[in-house]
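So this block is work_1.json, JSON, C-alpha atoms:
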```json
[["chain", "number", "residue", "atom", "x", "y", "z"],
["Y", 446, "MET", "CA", 73.50, -66.89, -2.56],
["Y", 447, "ARG", "CA", 73.01, -68.61, -5.92],
["Y", 448, "GLY", "CA", 76.61, -69.84, -5.85],
["Y", 449, "VAL", "CA", 76.20, -71.26, -2.36],
["Y", 450, "LEU", "CA", 73.06, -73.17, -3.38],
["Y", 451, "LEU", "CA", 74.76, -74.47, -6.50],
["Y", 452, "ALA", "CA", 77.75, -75.65, -4.46],
["Y", 453, "LEU", "CA", 75.44, -77.43, -1.99],
["Y", 454, "PHE", "CA", 73.65, -79.26, -4.78],
["Y", 455, "LEU", "CA", 76.94, -80.29, -6.37],
["Y", 456, "VAL", "CA", 78.24, -81.57, -3.04],
["Y", 457, "ALA", "CA", 74.98, -83.52, -2.61],
["Y", 458, "GLY", "CA", 75.65, -85.20, -5.96],
["Y", 459, "LEU", "CA", 72.84, -83.65, -7.98],
["Y", 460, "SER", "CA", 73.42, -82.89, -11.65],
["Y", 461, "LEU", "CA", 73.51, -79.34, -12.91],
["Y", 462, "PRO", "CA", 70.54, -79.67, -15.32],
["Y", 463, "ALA", "CA", 68.33, -80.86, -12.44],
["Y", 464, "VAL", "CA", 69.39, -77.92, -10.30],
["Y", 465, "TYR", "CA", 70.00, -75.18, -12.78],
["Y", 466, "PRO", "CA", 67.99, -75.43, -16.03],
["Y", 467, "ALA", "CA", 70.41, -73.09, -17.80],
["Y", 468, "PHE", "CA", 72.91, -75.97, -17.84],
["Y", 469, "ALA", "CA", 70.46, -78.32, -19.57],
["Y", 470, "GLY", "CA", 70.81, -78.88, -23.31],
["Y", 471, "GLU", "CA", 68.87, -76.62, -25.62],
["Y", 472, "GLU", "CA", 65.69, -78.17, -26.95],
["Y", 473, "LYS", "CA", 64.58, -77.85, -30.56],
["Y", 474, "SER", "CA", 61.99, -79.59, -32.65],
["Y", 475, "CYS", "CA", 61.78, -80.97, -36.15],
["Y", 476, "THR", "CA", 59.08, -82.32, -38.40],
["Y", 477, "LEU", "CA", 59.78, -85.40, -40.47],
["Y", 478, "LYS", "CA", 57.82, -86.82, -43.40],
["Y", 479, "VAL", "CA", 57.46, -90.57, -42.78],
["Y", 480, "GLU", "CA", 56.58, -92.81, -45.73],
["Y", 481, "GLY", "CA", 55.47, -96.41, -45.35],
["Y", 482, "MET", "CA", 53.17, -96.10, -42.34],
["Y", 483, "THR", "CA", 49.80, -97.66, -43.12],
["Y", 484, "CYS", "CA", 48.18, -98.36, -39.75],
["Y", 485, "ASP", "CA", 48.18, -97.66, -36.01],
["Y", 486, "ALA", "CA", 50.74, -100.41, -35.45],
["Y", 487, "CYS", "CA", 53.15, -98.60, -37.79],
["Y", 488, "GLU", "CA", 52.59, -95.40, -35.85],
["Y", 489, "LYS", "CA", 53.44, -97.17, -32.59],
["Y", 490, "HIS", "CA", 56.50, -98.81, -34.18],
["Y", 491, "VAL", "CA", 57.88, -95.42, -35.30],
["Y", 492, "LYS", "CA", 57.11, -93.87, -31.89],
["Y", 493, "LYS", "CA", 58.95, -96.71, -30.14],
["Y", 494, "ALA", "CA", 61.98, -96.22, -32.41],
["Y", 495, "LEU", "CA", 62.02, -92.48, -31.66],
["Y", 496, "ASP", "CA", 61.70, -93.02, -27.92],
["Y", 497, "LYS", "CA", 64.90, -95.10, -28.02],
["Y", 498, "VAL", "CA", 66.98, -92.24, -29.46],
["Y", 499, "GLU", "CA", 69.03, -90.62, -26.71],
["Y", 500, "GLY", "CA", 68.10, -86.97, -26.49],
["Y", 501, "VAL", "CA", 64.56, -87.28, -27.84],
["Y", 502, "LYS", "CA", 62.33, -85.53, -25.30],
["Y", 503, "ASP", "CA", 58.97, -85.98, -27.03],
["Y", 504, "ALA", "CA", 57.70, -87.56, -30.24],
["Y", 505, "LYS", "CA", 54.28, -87.31, -31.81],
["Y", 506, "VAL", "CA", 53.65, -89.61, -34.76],
["Y", 507, "GLU", "CA", 50.65, -89.19, -37.03],
["Y", 508, "VAL", "CA", 49.96, -92.05, -39.45],
["Y", 509, "LYS", "CA", 47.25, -90.15, -41.39],
["Y", 510, "ALA", "CA", 49.48, -87.10, -41.91],
["Y", 511, "LYS", "CA", 52.51, -89.34, -42.50],
["Y", 512, "LYS", "CA", 54.67, -87.25, -40.21],
["Y", 513, "ALA", "CA", 56.50, -87.17, -36.90],
["Y", 514, "ILE", "CA", 57.08, -84.09, -34.77],
["Y", 515, "VAL", "CA", 60.04, -84.55, -32.45],
["Y", 516, "THR", "CA", 61.43, -82.40, -29.64],
["Y", 517, "TYR", "CA", 65.06, -83.17, -28.87],
["Y", 518, "ASP", "CA", 68.13, -82.06, -26.92],
["Y", 519, "VAL", "CA", 70.59, -80.53, -29.42],
["Y", 520, "GLU", "CA", 73.57, -81.70, -27.36],
["Y", 521, "LYS", "CA", 72.52, -85.35, -27.64],
["Y", 522, "THR", "CA", 70.97, -85.80, -31.09],
["Y", 523, "ASN", "CA", 70.01, -84.06, -34.32],
["Y", 524, "PRO", "CA", 67.35, -84.33, -37.05],
["Y", 525, "ASP", "CA", 69.50, -86.58, -39.26],
["Y", 526, "ALA", "CA", 70.02, -89.09, -36.42],
["Y", 527, "ILE", "CA", 66.29, -88.99, -35.69],
["Y", 528, "ALA", "CA", 65.49, -89.68, -39.36],
["Y", 529, "LYS", "CA", 68.00, -92.55, -39.34],
["Y", 530, "ALA", "CA", 66.21, -94.15, -36.38],
["Y", 531, "ILE", "CA", 62.96, -94.11, -38.36],
["Y", 532, "THR", "CA", 64.71, -95.50, -41.45],
["Y", 533, "ASP", "CA", 66.33, -98.24, -39.36],
["Y", 534, "ALA", "CA", 62.82, -99.15, -38.14],
["Y", 535, "GLY", "CA", 61.82, -99.82, -41.76],
["Y", 536, "TYR", "CA", 60.25, -96.56, -42.91],
["Y", 537, "GLU", "CA", 61.43, -93.72, -45.14],
["Y", 538, "ALA", "CA", 62.02, -90.49, -43.26],
["Y", 539, "LYS", "CA", 62.91, -87.04, -44.53],
["Y", 540, "VAL", "CA", 63.41, -83.91, -42.44],
["Y", 541, "GLU", "CA", 60.85, -81.31, -43.52],
["Y", 542, "GLU", "CA", 61.27, -78.55, -40.96],
["Y", 543, "LYS", "CA", 63.64, -77.62, -38.15],
["Y", 544, "SER", "CA", 62.96, -75.10, -35.40]]
```

Show this structure as structure tokens.
Amino acid sequence: MRGVLLALFLVAGLSLPAVYPAFAGEEKSCTLKVEGMTCDACEKHVKKALDKVEGVKDAKVEVKAKKAIVTYDVEKTNPDAIAKAITDAGYEAKVEEKS
């Protein structure tokens, strides 16, 4: 039965991750130390940079804690690429924790 449903969705043109979550990329998260943020505008700037990274599913940026917590698809990005996006936005970023 599962195979028949999968075949019907494929014929209908739906992608496997939308139909069958097991085919979606694995999600992980990382915490990055972000230096150079001094205000809410900086926080928004870093968040905007993270949202542009393909594979980033969620990003929480905290100016007071000077950190970003990012959930990402491991098949599309990685912590180093995420840190580079922050650095390219004008801030220093260092990966603190991966999970």

(request) May I have the residues within 12 Å of Thr532 (chain Y) as a ChimeraX atom specification, using all atoms listed in the file and disregarding those fewer than 2 positions away in the same chain? (result) /Y:477-482,490-491,494-495,525-530,534-540

(request) One decimal, Å: what's the distance from CA of Asp485 (chain Y) over to CA of Lys511 (chain Y), could you say? (result)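 One can read the CA of Asp485 (chain Y) to CA of Lys511 (chain Y) distance as 11.4 Å.
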
(request) Kindly give the distance, in Å, that separates CA of Val515 (chain Y) and CA of Lys473 (chain Y), rounded to a single decimal. (result)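 Between CA of Val515 (chain Y) and CA of Lys473 (chain Y) the gap works out to 8.3 Å.
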
(request) Determine the nearest neighbour of Glu542 (chain Y) from the options Y:Val519, Y:Cys487, Y:Ala513, Y:Cys475, counting only C-alpha atoms. (result)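 Smallest distance to Glu542 (chain Y) is found for Y:Cys475.
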
(request) For CA of Glu520 (chain Y) and CA of Lys489 (chain Y), determine how far apart the two atoms are, in Å to one decimal place. (result) 25.9 Å

(request) Determine the nearest neighbour of Tyr517 (chain Y) from the options Y:Ala504, Y:Ala486, Y:Glu472, Y:Glu541, counting only C-alpha atoms. (result) Y:Glu472
